[in-house]
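Asks: Hey, dropping work.csv in here, CSV, C-alpha atoms and all ligand atoms:
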```csv
chain,number,residue,atom,x,y,z
Q,56,MET,CA,-11.4,24.2,-5.9
Q,57,THR,CA,-7.9,23.1,-6.9
Q,58,LEU,CA,-6.0,21.1,-4.2
Q,59,LYS,CA,-2.5,22.5,-4.1
Q,60,PHE,CA,0.2,19.9,-3.4
Q,61,GLY,CA,3.6,20.1,-1.8
Q,62,VAL,CA,5.7,17.1,-2.7
Q,63,VAL,CA,8.3,15.7,-0.3
Q,64,GLY,CA,10.6,13.4,-2.2
Q,65,THR,CA,11.0,13.6,-5.9
Q,66,GLY,CA,12.3,10.1,-6.6
Q,67,ALA,CA,10.7,7.4,-8.7
Q,68,ILE,CA,7.1,7.3,-7.3
Q,69,GLY,CA,7.2,11.1,-6.5
Q,70,LYS,CA,7.7,11.7,-10.2
Q,71,GLU,CA,5.0,9.2,-11.2
Q,72,HIS,CA,2.5,11.0,-8.9
Q,73,ILE,CA,3.5,14.4,-10.1
Q,74,LYS,CA,3.0,13.2,-13.7
Q,75,ARG,CA,-0.5,11.9,-13.0
Q,76,ILE,CA,-1.6,15.0,-11.0
Q,77,THR,CA,-0.4,17.3,-13.7
Q,78,SER,CA,-1.4,15.3,-16.8
Q,79,SER,CA,-4.2,12.8,-16.2
Q,80,LEU,CA,-6.1,13.6,-13.0
Q,81,CYS,CA,-8.4,16.5,-12.3
Q,82,GLY,CA,-8.4,19.0,-9.5
Q,83,GLY,CA,-4.8,19.1,-8.3
Q,84,GLU,CA,-1.8,21.3,-8.8
Q,85,ILE,CA,1.9,21.0,-7.7
Q,86,VAL,CA,3.0,24.3,-6.0
Q,87,ALA,CA,6.0,23.1,-3.9
Q,88,VAL,CA,8.6,20.4,-4.0
Q,89,THR,CA,11.5,19.3,-1.8
Q,90,ASP,CA,14.0,16.5,-1.8
Q,91,VAL,CA,17.2,15.8,0.2
Q,92,ASN,CA,18.9,16.2,-3.1
Q,93,GLN,CA,17.8,19.8,-3.9
Q,94,LEU,CA,19.2,19.6,-7.5
Q,95,ALA,CA,16.9,16.6,-8.1
Q,96,ALA,CA,13.9,18.6,-7.0
Q,97,GLU,CA,14.9,21.5,-9.2
Q,98,GLN,CA,15.3,19.1,-12.2
Q,99,VAL,CA,11.8,17.8,-11.6
Q,100,VAL,CA,10.3,21.3,-11.6
Q,101,GLU,CA,12.0,21.8,-15.0
Q,102,GLN,CA,11.1,18.4,-16.3
Q,103,PHE,CA,7.4,18.7,-15.7
Q,104,GLY,CA,7.3,22.5,-16.3
Q,105,LEU,CA,5.9,23.1,-12.8
Q,106,ASN,CA,5.0,26.5,-11.4
Q,107,ALA,CA,6.4,25.3,-8.1
Q,108,VAL,CA,8.8,26.6,-5.4
Q,109,VAL,CA,11.7,24.3,-4.4
Q,110,TYR,CA,12.0,24.3,-0.6
Q,111,PRO,CA,15.1,23.3,1.4
Q,112,ASP,CA,13.2,20.8,3.6
Q,113,ASP,CA,9.8,19.3,4.5
Q,114,LYS,CA,9.2,21.7,7.4
Q,115,SER,CA,9.4,24.8,5.2
Q,116,LEU,CA,7.4,23.2,2.5
Q,117,VAL,CA,4.6,22.2,5.0
Q,118,ALA,CA,4.6,25.8,6.4
Q,119,ALA,CA,4.1,27.3,2.9
Q,120,GLU,CA,0.7,29.1,3.0
Q,121,ASN,CA,-0.4,27.9,-0.5
Q,122,VAL,CA,0.2,24.2,0.3
Q,123,ASP,CA,-3.1,22.5,1.0
Q,124,ALA,CA,-1.9,18.9,0.9
Q,125,VAL,CA,1.5,17.2,1.4
Q,126,LEU,CA,2.4,14.3,-0.9
Q,127,VAL,CA,5.0,12.2,1.0
Q,128,THR,CA,7.1,10.1,-1.4
Q,129,SER,CA,10.5,10.3,0.3
Q,130,TRP,CA,12.2,7.1,1.5
Q,131,GLY,CA,10.3,5.3,4.3
Q,132,PRO,CA,12.3,6.4,7.4
Q,133,ALA,CA,11.6,10.0,6.6
Q,134,HIS,CA,7.8,9.6,6.3
Q,135,GLU,CA,6.9,9.9,10.0
Q,136,GLN,CA,8.5,13.3,10.5
Q,137,SER,CA,6.8,14.8,7.4
Q,138,VAL,CA,3.4,13.4,8.2
Q,139,LEU,CA,3.5,14.7,11.8
Q,140,ALA,CA,4.6,18.2,10.5
Q,141,ALA,CA,1.7,18.2,8.1
Q,142,ILE,CA,-0.9,17.2,10.8
Q,143,GLU,CA,0.6,19.8,13.1
Q,144,ALA,CA,0.0,22.4,10.4
Q,145,GLY,CA,-3.6,21.1,9.8
Q,146,LYS,CA,-2.7,20.1,6.2
Q,147,TYR,CA,-3.9,17.0,4.3
Q,148,VAL,CA,-1.4,14.3,3.7
Q,149,PHE,CA,-1.2,11.5,1.1
Q,150,CYS,CA,1.7,9.3,2.3
Q,151,GLU,CA,3.2,6.5,0.4
Q,152,LYS,CA,3.7,3.3,2.3
Q,153,PRO,CA,5.0,2.9,5.0
Q,154,LEU,CA,3.1,5.5,7.0
Q,155,ALA,CA,6.1,5.1,9.5
Q,156,THR,CA,8.7,2.4,9.8
Q,157,THR,CA,7.7,1.4,13.3
Q,158,ALA,CA,4.3,0.7,15.0
Q,159,GLU,CA,5.1,3.3,17.6
Q,160,GLY,CA,5.7,5.9,14.8
Q,161,CYS,CA,2.3,5.0,13.2
Q,162,MET,CA,0.6,5.3,16.6
Q,163,LYS,CA,2.1,8.8,17.1
Q,164,ILE,CA,0.5,9.7,13.8
Q,165,VAL,CA,-2.8,8.2,14.8
Q,166,GLU,CA,-2.8,10.1,18.1
Q,167,ALA,CA,-1.8,13.4,16.4
Q,168,GLU,CA,-4.6,13.0,13.9
Q,169,MET,CA,-7.2,12.2,16.5
Q,170,LYS,CA,-6.0,15.2,18.6
Q,171,HIS,CA,-6.4,17.4,15.5
Q,172,GLY,CA,-10.0,16.1,15.4
Q,173,LYS,CA,-10.5,15.5,11.7
Q,174,ARG,CA,-9.1,12.9,9.2
Q,175,LEU,CA,-6.2,14.4,7.2
Q,176,VAL,CA,-4.2,11.3,6.2
Q,177,GLN,CA,-4.5,8.8,3.4
Q,178,VAL,CA,-1.9,6.0,3.0
Q,179,GLY,CA,-0.9,4.8,-0.4
Q,180,PHE,CA,-2.3,1.3,-0.3
Q,181,MET,CA,-3.5,1.4,-3.9
Q,182,ARG,CA,-4.7,-2.2,-4.2
Q,183,ARG,CA,-8.0,-1.2,-2.6
Q,184,TYR,CA,-8.6,0.9,-5.8
Q,185,ASP,CA,-7.8,-2.0,-8.2
Q,186,SER,CA,-10.9,-3.0,-10.1
Q,187,GLY,CA,-10.2,-6.7,-9.6
Q,188,TYR,CA,-10.0,-6.3,-5.8
Q,189,VAL,CA,-13.0,-4.1,-5.8
Q,190,GLN,CA,-15.0,-6.8,-7.7
Q,191,LEU,CA,-13.7,-9.5,-5.3
Q,192,LYS,CA,-14.8,-7.4,-2.3
Q,193,GLU,CA,-18.2,-6.9,-3.9
Q,194,ALA,CA,-18.5,-10.7,-4.2
Q,195,ILE,CA,-17.7,-11.1,-0.5
Q,196,ASP,CA,-19.8,-8.3,0.7
Q,197,THR,CA,-22.9,-9.5,-1.2
Q,198,HIS,CA,-22.4,-13.0,0.1
Q,199,THR,CA,-22.0,-14.5,-3.4
Q,200,ILE,CA,-19.7,-17.1,-2.0
Q,201,GLY,CA,-21.0,-17.3,1.6
Q,202,GLU,CA,-18.8,-16.7,4.6
Q,203,PRO,CA,-15.1,-16.6,3.6
Q,204,LEU,CA,-13.2,-19.5,5.3
Q,205,MET,CA,-9.8,-19.5,3.6
Q,206,ILE,CA,-7.7,-17.2,1.3
Q,207,ARG,CA,-4.8,-18.3,-0.9
Q,208,CYS,CA,-2.6,-15.6,-2.4
Q,209,ALA,CA,0.6,-15.3,-4.5
Q,210,HIS,CA,2.8,-12.3,-4.8
Q,211,ARG,CA,5.4,-13.1,-7.5
Q,212,ASN,CA,8.1,-11.0,-9.1
Q,213,ALA,CA,10.3,-12.2,-11.9
Q,214,LYS,CA,13.5,-11.2,-10.0
Q,215,VAL,CA,14.7,-8.7,-7.5
Q,216,ASP,CA,17.9,-6.6,-7.0
Q,217,ALA,CA,20.9,-7.9,-5.0
Q,218,ASN,CA,19.9,-5.5,-2.1
Q,219,TYR,CA,16.5,-7.2,-1.6
Q,220,THR,CA,16.6,-9.0,1.7
Q,221,THR,CA,14.6,-11.8,3.4
Q,222,GLU,CA,13.0,-9.1,5.7
Q,223,MET,CA,11.9,-7.0,2.7
Q,224,ALA,CA,9.7,-9.9,1.6
Q,225,ILE,CA,7.6,-8.6,4.5
Q,226,SER,CA,8.3,-4.9,4.8
Q,227,ASP,CA,8.3,-4.1,1.0
Q,228,THR,CA,6.2,-6.9,-0.6
Q,229,LEU,CA,3.8,-8.5,1.9
Q,230,VAL,CA,2.6,-5.1,3.2
Q,231,HIS,CA,0.3,-4.8,0.3
Q,232,GLU,CA,-1.4,-8.1,1.0
Q,233,ILE,CA,-1.6,-7.3,4.7
Q,234,ASP,CA,-3.5,-4.1,3.9
Q,235,VAL,CA,-5.8,-5.4,1.2
Q,236,LEU,CA,-6.8,-8.7,2.8
Q,237,HIS,CA,-8.1,-7.3,6.1
Q,238,TRP,CA,-10.0,-4.7,4.1
Q,239,LEU,CA,-11.4,-7.5,1.8
Q,240,VAL,CA,-12.9,-9.5,4.6
Q,241,GLY,CA,-13.4,-6.8,7.2
Q,242,ASP,CA,-11.5,-8.7,9.8
Q,243,ASP,CA,-8.3,-8.1,11.7
Q,244,TYR,CA,-5.4,-10.4,12.1
Q,245,LYS,CA,-4.9,-12.5,15.2
Q,246,SER,CA,-1.7,-14.4,14.5
Q,247,VAL,CA,1.0,-15.0,11.8
Q,248,GLN,CA,3.6,-17.6,11.0
Q,249,VAL,CA,6.3,-17.8,8.3
Q,250,VAL,CA,7.5,-21.0,6.6
Q,251,PHE,CA,10.5,-21.2,4.3
Q,252,PRO,CA,10.0,-23.8,1.6
Q,253,LYS,CA,12.9,-25.2,-0.5
Q,254,ARG,CA,15.0,-22.3,-1.7
Q,255,THR,CA,15.1,-21.4,-5.4
Q,256,LYS,CA,18.6,-21.6,-7.0
Q,257,HIS,CA,17.7,-18.2,-8.5
Q,258,ALA,CA,17.9,-16.4,-5.2
Q,259,LEU,CA,21.2,-14.9,-3.9
Q,260,ASP,CA,22.7,-16.6,-0.9
Q,261,HIS,CA,21.5,-14.0,1.6
Q,262,LEU,CA,17.8,-14.3,0.5
Q,263,GLN,CA,15.2,-16.9,1.6
Q,264,ASP,CA,13.0,-17.2,-1.4
Q,265,PRO,CA,10.1,-18.2,-1.6
Q,266,GLN,CA,8.4,-17.7,1.7
Q,267,ILE,CA,4.9,-18.7,2.8
Q,268,ILE,CA,3.2,-16.4,5.3
Q,269,MET,CA,0.2,-17.8,7.1
Q,270,MET,CA,-2.1,-15.4,8.8
Q,271,GLU,CA,-5.2,-16.0,10.9
Q,272,THR,CA,-8.0,-13.5,11.4
Q,273,ASN,CA,-10.0,-12.9,14.6
Q,274,SER,CA,-13.0,-14.8,13.1
Q,275,GLY,CA,-10.7,-17.8,12.1
Q,276,ILE,CA,-10.2,-17.2,8.4
Q,277,THR,CA,-6.8,-18.7,7.4
Q,278,ILE,CA,-4.7,-16.9,4.8
Q,279,HIS,CA,-1.7,-18.3,3.0
Q,280,VAL,CA,0.4,-15.8,1.0
Q,281,GLU,CA,3.3,-17.1,-1.1
Q,282,VAL,CA,5.9,-14.4,-1.7
Q,283,PHE,CA,8.2,-15.6,-4.4
Q,284,VAL,CA,10.4,-12.8,-5.8
Q,285,ASN,CA,12.6,-14.7,-8.2
Q,286,CYS,CA,9.8,-16.7,-9.9
Q,287,GLN,CA,11.4,-15.9,-13.3
Q,288,TYR,CA,8.3,-15.7,-15.4
Q,289,GLY,CA,6.7,-12.3,-14.6
Q,290,TYR,CA,4.8,-10.1,-12.1
Q,291,ASP,CA,1.9,-12.1,-10.9
Q,292,ILE,CA,-0.6,-11.3,-8.2
Q,293,GLN,CA,-3.2,-13.9,-7.3
Q,294,CYS,CA,-5.9,-14.1,-4.7
Q,295,GLU,CA,-8.5,-16.8,-4.2
Q,296,VAL,CA,-11.2,-16.6,-1.5
Q,297,ILE,CA,-12.8,-19.9,-0.5
Q,298,GLY,CA,-16.2,-19.4,1.0
Q,299,GLU,CA,-18.9,-21.7,2.5
Q,300,GLU,CA,-20.9,-21.5,-0.8
Q,301,GLY,CA,-18.3,-21.0,-3.5
Q,302,VAL,CA,-14.9,-19.6,-4.5
Q,303,ALA,CA,-14.0,-16.2,-5.8
Q,304,ASN,CA,-10.8,-15.4,-7.7
Q,305,LEU,CA,-9.1,-12.0,-8.4
Q,306,PRO,CA,-9.6,-11.5,-12.1
Q,307,GLU,CA,-6.6,-12.2,-14.4
Q,308,VAL,CA,-5.2,-9.1,-16.0
Q,309,PRO,CA,-6.9,-8.9,-19.5
Q,310,SER,CA,-4.6,-10.0,-22.3
Q,311,VAL,CA,-5.0,-11.1,-25.9
Q,312,ILE,CA,-5.4,-14.8,-26.1
Q,313,THR,CA,-3.3,-16.3,-28.9
Q,314,ARG,CA,-3.5,-19.7,-30.6
Q,315,LYS,CA,-0.3,-20.5,-32.2
Q,316,ASN,CA,2.0,-23.5,-32.7
Q,317,ALA,CA,-0.5,-25.8,-31.0
Q,318,THR,CA,-0.5,-23.5,-27.9
Q,319,LEU,CA,-3.2,-21.4,-26.3
Q,320,GLY,CA,-1.4,-18.4,-24.8
Q,321,ALA,CA,-1.8,-15.2,-22.9
Q,322,SER,CA,0.9,-12.8,-21.8
Q,323,ILE,CA,1.8,-12.0,-18.2
Q,324,LEU,CA,3.0,-8.6,-17.1
Q,325,THR,CA,6.6,-8.1,-16.0
Q,326,ASP,CA,6.4,-4.6,-14.6
Q,327,TRP,CA,4.6,-4.1,-11.2
Q,328,LYS,CA,3.9,-0.4,-12.1
Q,329,GLN,CA,1.8,-1.6,-15.1
Q,330,ARG,CA,-0.3,-3.9,-13.0
Q,331,PHE,CA,-1.6,-1.2,-10.7
Q,332,MET,CA,-1.4,1.8,-13.0
Q,333,ASP,CA,-5.2,2.5,-12.9
Q,334,ALA,CA,-5.3,1.9,-9.1
Q,335,TYR,CA,-2.6,4.6,-8.6
Q,336,ASP,CA,-4.6,7.0,-10.6
Q,337,LYS,CA,-7.9,6.2,-8.8
Q,338,GLU,CA,-6.4,6.5,-5.3
Q,339,LEU,CA,-5.1,10.0,-5.9
Q,340,GLN,CA,-8.2,11.1,-7.7
Q,341,ASP,CA,-10.3,9.8,-4.8
Q,342,PHE,CA,-8.0,11.6,-2.3
Q,343,MET,CA,-8.7,14.9,-4.1
Q,344,ASP,CA,-12.4,14.3,-4.7
Q,345,SER,CA,-13.3,13.2,-1.2
Q,346,ILE,CA,-11.5,16.2,0.3
Q,347,LYS,CA,-13.4,18.5,-1.9
Q,348,THR,CA,-16.8,16.8,-1.3
Q,349,THR,CA,-16.5,15.8,2.4
Q,350,GLY,CA,-13.5,17.7,3.8
Q,351,GLU,CA,-11.7,14.4,4.6
Q,352,PRO,CA,-9.8,11.8,2.6
Q,353,ASN,CA,-11.7,8.5,2.1
Q,354,GLY,CA,-9.0,5.9,1.5
Q,355,PRO,CA,-6.8,3.8,3.8
Q,356,THR,CA,-6.3,5.6,7.1
Q,357,SER,CA,-3.5,6.1,9.6
Q,358,TRP,CA,-5.1,3.3,11.6
Q,359,ASP,CA,-4.7,1.1,8.5
Q,360,GLY,CA,-1.1,2.1,8.4
Q,361,TYR,CA,-0.8,1.1,12.0
Q,362,ILE,CA,-2.4,-2.3,11.4
Q,363,VAL,CA,0.2,-3.0,8.6
Q,364,ALA,CA,3.1,-1.9,10.9
Q,365,VAL,CA,2.0,-4.1,13.8
Q,366,THR,CA,1.3,-7.1,11.5
Q,367,SER,CA,4.6,-6.7,9.7
Q,368,ASP,CA,6.5,-6.6,13.0
Q,369,ALA,CA,4.8,-9.9,14.0
Q,370,CYS,CA,5.7,-11.4,10.6
Q,371,LEU,CA,9.4,-10.3,11.0
Q,372,LYS,CA,9.4,-11.9,14.4
Q,373,ALA,CA,7.9,-15.1,13.0
Q,374,GLN,CA,10.6,-15.2,10.3
Q,375,GLN,CA,13.1,-15.4,13.2
Q,376,THR,CA,11.3,-17.8,15.5
Q,377,GLY,CA,9.4,-20.1,13.1
Q,378,ASN,CA,6.6,-19.9,15.6
Q,379,LYS,CA,3.0,-18.6,15.4
Q,380,GLU,CA,3.3,-15.0,16.6
Q,381,SER,CA,0.3,-13.0,17.9
Q,382,VAL,CA,-0.8,-9.7,16.4
Q,383,THR,CA,-2.0,-7.3,19.1
Q,384,LEU,CA,-3.7,-4.2,17.9
Q,385,GLY,CA,-6.1,-3.0,20.6
Q,386,GLU,CA,-9.5,-1.6,19.9
Q,387,LYS,CA,-10.0,0.4,16.8
Q,388,PRO,CA,-10.7,4.0,17.8
Q,389,ALA,CA,-14.2,5.2,17.0
Q,390,PHE,CA,-12.5,8.1,15.1
Q,391,TYR,CA,-11.5,5.6,12.4
Q,392,LYS,CA,-14.8,3.6,12.2
Q,393,ASN,CA,-17.0,4.3,9.3
Q,394,GLU,CA,-20.8,4.3,9.7
Q,395,LYS,CA,-21.2,0.7,8.5
Q,396,GLU,CA,-18.8,-0.5,11.2
Q,397,ILE,CA,-20.4,1.6,13.9
Q,398,SER,CA,-23.8,0.2,13.1
Q,399,LYS,CA,-22.4,-3.4,13.3
Q,400,THR,CA,-21.2,-2.7,16.9
Q,401,VAL,CA,-24.4,-1.0,18.1
Q,501,LIG,P1,13.3,6.7,-4.5
Q,501,LIG,O1,13.3,6.6,-5.9
Q,501,LIG,O2,14.5,6.3,-3.7
Q,501,LIG,O3,12.8,8.1,-4.0
Q,501,LIG,C1,12.8,8.6,-2.7
Q,501,LIG,C2,13.2,10.1,-2.9
Q,501,LIG,O4,13.1,10.7,-1.6
Q,501,LIG,C3,14.7,10.2,-3.3
Q,501,LIG,O5,14.8,11.2,-4.3
Q,501,LIG,C4,15.4,10.5,-2.0
Q,501,LIG,O6,16.6,11.2,-2.2
Q,501,LIG,C5,14.3,11.4,-1.4
Q,501,LIG,N1,14.5,11.5,0.1
Q,501,LIG,C6,15.0,10.7,1.0
Q,501,LIG,N2,14.9,11.2,2.2
Q,501,LIG,C7,14.3,12.4,2.1
Q,501,LIG,C8,13.9,13.4,3.0
Q,501,LIG,N3,14.2,13.3,4.3
Q,501,LIG,N4,13.3,14.6,2.5
Q,501,LIG,C9,13.0,14.7,1.1
Q,501,LIG,N5,13.4,13.7,0.2
Q,501,LIG,C10,14.0,12.6,0.7
Q,501,LIG,O7,12.1,5.7,-3.9
Q,501,LIG,P2,10.7,5.4,-4.5
Q,501,LIG,O8,10.7,4.2,-5.2
Q,501,LIG,O9,10.2,6.6,-5.1
Q,501,LIG,O10,9.9,5.2,-3.1
Q,501,LIG,C11,9.5,6.2,-2.2
Q,501,LIG,C12,8.5,5.7,-1.2
Q,501,LIG,O11,7.3,5.2,-1.9
Q,501,LIG,C13,9.0,4.5,-0.4
Q,501,LIG,O12,8.5,4.6,0.9
Q,501,LIG,C14,8.4,3.3,-1.1
Q,501,LIG,O13,8.1,2.2,-0.2
Q,501,LIG,C15,7.1,3.9,-1.6
Q,501,LIG,N6,6.6,3.2,-2.8
Q,501,LIG,C16,5.3,2.7,-2.8
Q,501,LIG,C17,4.9,2.0,-3.9
Q,501,LIG,C18,3.5,1.4,-3.9
Q,501,LIG,O14,3.3,0.4,-4.6
Q,501,LIG,N7,2.5,2.0,-3.2
Q,501,LIG,C19,5.7,1.8,-5.0
Q,501,LIG,C20,6.9,2.4,-5.0
Q,501,LIG,C21,7.4,3.1,-3.9
Q,501,LIG,P3,18.0,10.4,-2.4
Q,501,LIG,O15,17.8,9.6,-3.7
Q,501,LIG,O16,19.0,11.5,-2.6
Q,501,LIG,O17,18.2,9.6,-1.2
```
Step by step, read the file and then write its structure as structure tokens.
Ligand code: NAP

Replies:
Amino acid sequence: MTLKFGVVGTGAIGKEHIKRITSSLCGGEIVAVTDVNQLAAEQVVEQFGLNAVVYPDDKSLVAAENVDAVLVTSWGPAHEQSVLAAIEAGKYVFCEKPLATTAEGCMKIVEAEMKHGKRLVQVGFMRRYDSGYVQLKEAIDTHTIGEPLMIRCAHRNAKVDANYTTEMAISDTLVHEIDVLHWLVGDDYKSVQVVFPKRTKHALDHLQDPQIIMMETNSGITIHVEVFVNCQYGYDIQCEVIGEEGVANLPEVPSVITRKNATLGASILTDWKQRFMDAYDKELQDFMDSIKTTGEPNGPTSWDGYIVAVTSDACLKAQQTGNKESVTLGEKPAFYKNEKEISKTV
């Protein structure tokens, strides 16, 4: 069975996903596209040689009979409406982050999906599909380093555009750590705090850079994430988990080691897309495969999207107050618990 996709938003990541579905992945086909800029959508159909209808808006695309799954890659504030329309029509959804721009919007999606009675939504938190994070999770789950006590992370970009704001360090950058870290240790966040170290001279006046975000989980694991988006040297993602019996690090991206001019060297990536290219492929392939084999997507859920929204809001508040802010999630609905989690609570 081929999963027939309708794409809402044919910008940068929309095109990337269309390209991977049509050229490198198996089992998907693009049959419909829409974008606020209709001309852009038409150009994409031509550019990729798609046999797809261009719809005037997300509602008409979702309603198209031959659309099985909706790929939401429009700008963030438009996601909620498209995801809700897809659930209402009983269609699968792969939604790029954010699921919705507010916690209330994410909760509406959670409630609509539970009312529908079956999981339809996967959120594009691709790091869970990165082989390095998968290995790190395996080391934690098999107790290789004992109980995790602390985590130290860095999320560094060489530089950012002038329109990048202090808040975007949370809403655009940290969101990936918020998702992957609670998945890594199987624990939810209890509180967050943000500290602003000495500002780099490379940041524009309106931007606080770097920032340190401290998060504490319910079981007491403390997490420090350095977000430094003008670090100059490259795109660098680091994660070190310190456990009771040892320490596990996210593997470095493989690179040729050179010996030259009395220096031992390895290159560091500069483009974030390169760093997670395989993970983007794997998340979409898993979305298609799991729908085919189990009838439901298997990746990050609407509830995960909600966790990220609530935790981001607490971080944004902490940026303002400088205080430790609590993260209040409420009980995870049984609908979103997998068998392993259910057996832990029985
Ligand atoms: P982009 O290049 O600006 O593309 C967004 C596209 O959606 C644009 O063509 C935009 O049109 C269109 N659009 C806006 N509102 C729409 C609506 N209501 N209906 C249909 N189309 C609409 O942005 P992008 O970089 O592709 O990002 C898209 C989303 O993916 C964002 O939410 C972003 O956070 C997420 N993203 C995730 C990752 C990741 O690592 N997982 C990476 C990149 C992006 P106009 O240009 O005319 O406004």

Asks: As an mmCIF file with C-alpha atoms, keeping the file's coordinate frame, please: every protein or nucleic acid residue near ligand LIG 501 (chain Q) (cut-off 7 Å, counting only C-alpha atoms and all ligand atoms).

Replies:
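Just written: out16.cif:
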```
data_model
loop_
_atom_site.group_PDB
_atom_site.id
_atom_site.type_symbol
_atom_site.label_atom_id
_atom_site.label_comp_id
_atom_site.auth_asym_id
_atom_site.auth_seq_id
_atom_site.Cartn_x
_atom_site.Cartn_y
_atom_site.Cartn_z
ATOM 1 C CA VAL Q 63 8.300 15.700 -0.300
ATOM 2 C CA GLY Q 64 10.600 13.400 -2.200
ATOM 3 C CA THR Q 65 11.000 13.600 -5.900
ATOM 4 C CA GLY Q 66 12.300 10.100 -6.600
ATOM 5 C CA ALA Q 67 10.700 7.400 -8.700
ATOM 6 C CA ILE Q 68 7.100 7.300 -7.300
ATOM 7 C CA GLY Q 69 7.200 11.100 -6.500
ATOM 8 C CA THR Q 89 11.500 19.300 -1.800
ATOM 9 C CA ASP Q 90 14.000 16.500 -1.800
ATOM 10 C CA VAL Q 91 17.200 15.800 0.200
ATOM 11 C CA ASN Q 92 18.900 16.200 -3.100
ATOM 12 C CA ALA Q 95 16.900 16.600 -8.100
ATOM 13 C CA ASP Q 112 13.200 20.800 3.600
ATOM 14 C CA ASP Q 113 9.800 19.300 4.500
ATOM 15 C CA THR Q 128 7.100 10.100 -1.400
ATOM 16 C CA SER Q 129 10.500 10.300 0.300
ATOM 17 C CA TRP Q 130 12.200 7.100 1.500
ATOM 18 C CA GLY Q 131 10.300 5.300 4.300
ATOM 19 C CA ALA Q 133 11.600 10.000 6.600
ATOM 20 C CA GLU Q 151 3.200 6.500 0.400
ATOM 21 C CA LYS Q 152 3.700 3.300 2.300
ATOM 22 C CA PRO Q 153 5.000 2.900 5.000
ATOM 23 C CA GLY Q 179 -0.900 4.800 -0.400
ATOM 24 C CA PHE Q 180 -2.300 1.300 -0.300
ATOM 25 C CA MET Q 181 -3.500 1.400 -3.900
ATOM 26 C CA ASP Q 227 8.300 -4.100 1.000
#
```

Asks: Give me the box for stretch 115-132 of chain Q as AutoDock Vina command-line options, namely the centre and edge lengths in Å to one decimal of a box along x, y and z that holds every listed atom plus 3 Å on each side.

Replies:
```
--center_x 4.6 --center_y 17.2 --center_z 3.0 --size_x 21.4 --size_y 29.8 --size_z 14.8
```

Asks: Under the rule of at most 12 Å, produce a per-residue listing of stretch 133-243 of chain Q near stretch 247-254 of chain Q: chain, number, name, the closest pair of atoms, and the distance in Å, as CSV, using only C-alpha atoms.

Replies:
```
residue,atom,partner,partner_atom,distance
Q:Thr221,CA,Q:Phe251,CA,10.3
Q:Glu222,CA,Q:Val249,CA,11.3
Q:Ala224,CA,Q:Val249,CA,10.9
Q:Ile225,CA,Q:Val249,CA,10.0
Q:Leu229,CA,Q:Val249,CA,11.6
Q:Ile233,CA,Q:Val247,CA,10.8
Q:Asp243,CA,Q:Val247,CA,11.6
```

Asks: From the set Q:Val62, Q:Leu80, Q:Val363, Q:Cys208, which residue has the shortest atom-to-atom contact distance to Q:Asp344, counting only C-alpha atoms?

Replies: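 With only C-alpha atoms as the atom set, the closest residue is Q:Leu80.
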
Asks: Can you work out the spacing between atom CA of Q:Val365 and atom CA of Q:Tyr391 in Å, to one decimal?

Replies: 16.7 Å

Asks: Please measure the separation of atom CA of Q:Glu271 and atom CA of Q:Met162, giving the value in Å to one decimal.

Replies: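 Those two atoms sit 22.8 Å apart.
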
Asks: Would you kindly return, as a ChimeraX atom specification, each protein, DNA or RNA residue with an atom no farther than 10 Å from any atom of Q:Val99, considering all atoms listed in the file and excluding same-chain residues fewer than 3 positions away?

Replies: /Q:65-66,69-70,73,88-89,93-96,102-105,107,109

Asks: So, counting only C-alpha atoms, which residue among Q:Val86, Q:Thr356, Q:Ala334, Q:Glu135 is closest to Q:Tyr188?

Replies: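 Closest to Q:Tyr188, using only C-alpha atoms: Q:Ala334.
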
Asks: Please identify all polymer residues within 12 Å of Q:Arg207, counting only C-alpha atoms, omitting same-chain residues fewer than 4 positions from it, and present them as a VMD selection string.

Replies: chain Q and resid 203 232 236 267 to 270 276 to 282 292 to 298 302 to 305

Asks: Could you write out that same residue set with C-alpha atoms as a CSV table (one decimal), keeping the file's coordinate frame?

Replies:
```
chain,number,residue,atom,x,y,z
Q,203,PRO,CA,-15.1,-16.6,3.6
Q,232,GLU,CA,-1.4,-8.1,1.0
Q,236,LEU,CA,-6.8,-8.7,2.8
Q,267,ILE,CA,4.9,-18.7,2.8
Q,268,ILE,CA,3.2,-16.4,5.3
Q,269,MET,CA,0.2,-17.8,7.1
Q,270,MET,CA,-2.1,-15.4,8.8
Q,276,ILE,CA,-10.2,-17.2,8.4
Q,277,THR,CA,-6.8,-18.7,7.4
Q,278,ILE,CA,-4.7,-16.9,4.8
Q,279,HIS,CA,-1.7,-18.3,3.0
Q,280,VAL,CA,0.4,-15.8,1.0
Q,281,GLU,CA,3.3,-17.1,-1.1
Q,282,VAL,CA,5.9,-14.4,-1.7
Q,292,ILE,CA,-0.6,-11.3,-8.2
Q,293,GLN,CA,-3.2,-13.9,-7.3
Q,294,CYS,CA,-5.9,-14.1,-4.7
Q,295,GLU,CA,-8.5,-16.8,-4.2
Q,296,VAL,CA,-11.2,-16.6,-1.5
Q,297,ILE,CA,-12.8,-19.9,-0.5
Q,298,GLY,CA,-16.2,-19.4,1.0
Q,302,VAL,CA,-14.9,-19.6,-4.5
Q,303,ALA,CA,-14.0,-16.2,-5.8
Q,304,ASN,CA,-10.8,-15.4,-7.7
Q,305,LEU,CA,-9.1,-12.0,-8.4
```

Asks: Between Q:Asn218, Q:Thr228, Q:Val178, Q:Glu168, single out the one closest to Q:Asn353, counting all atoms listed in the file.

Replies: Q:Val178

Asks: Quick one: pull the distance between atom CA of Q:Ser78 and atom CA of Q:Gln340, Å, one decimal.

Replies: 12.1 Å
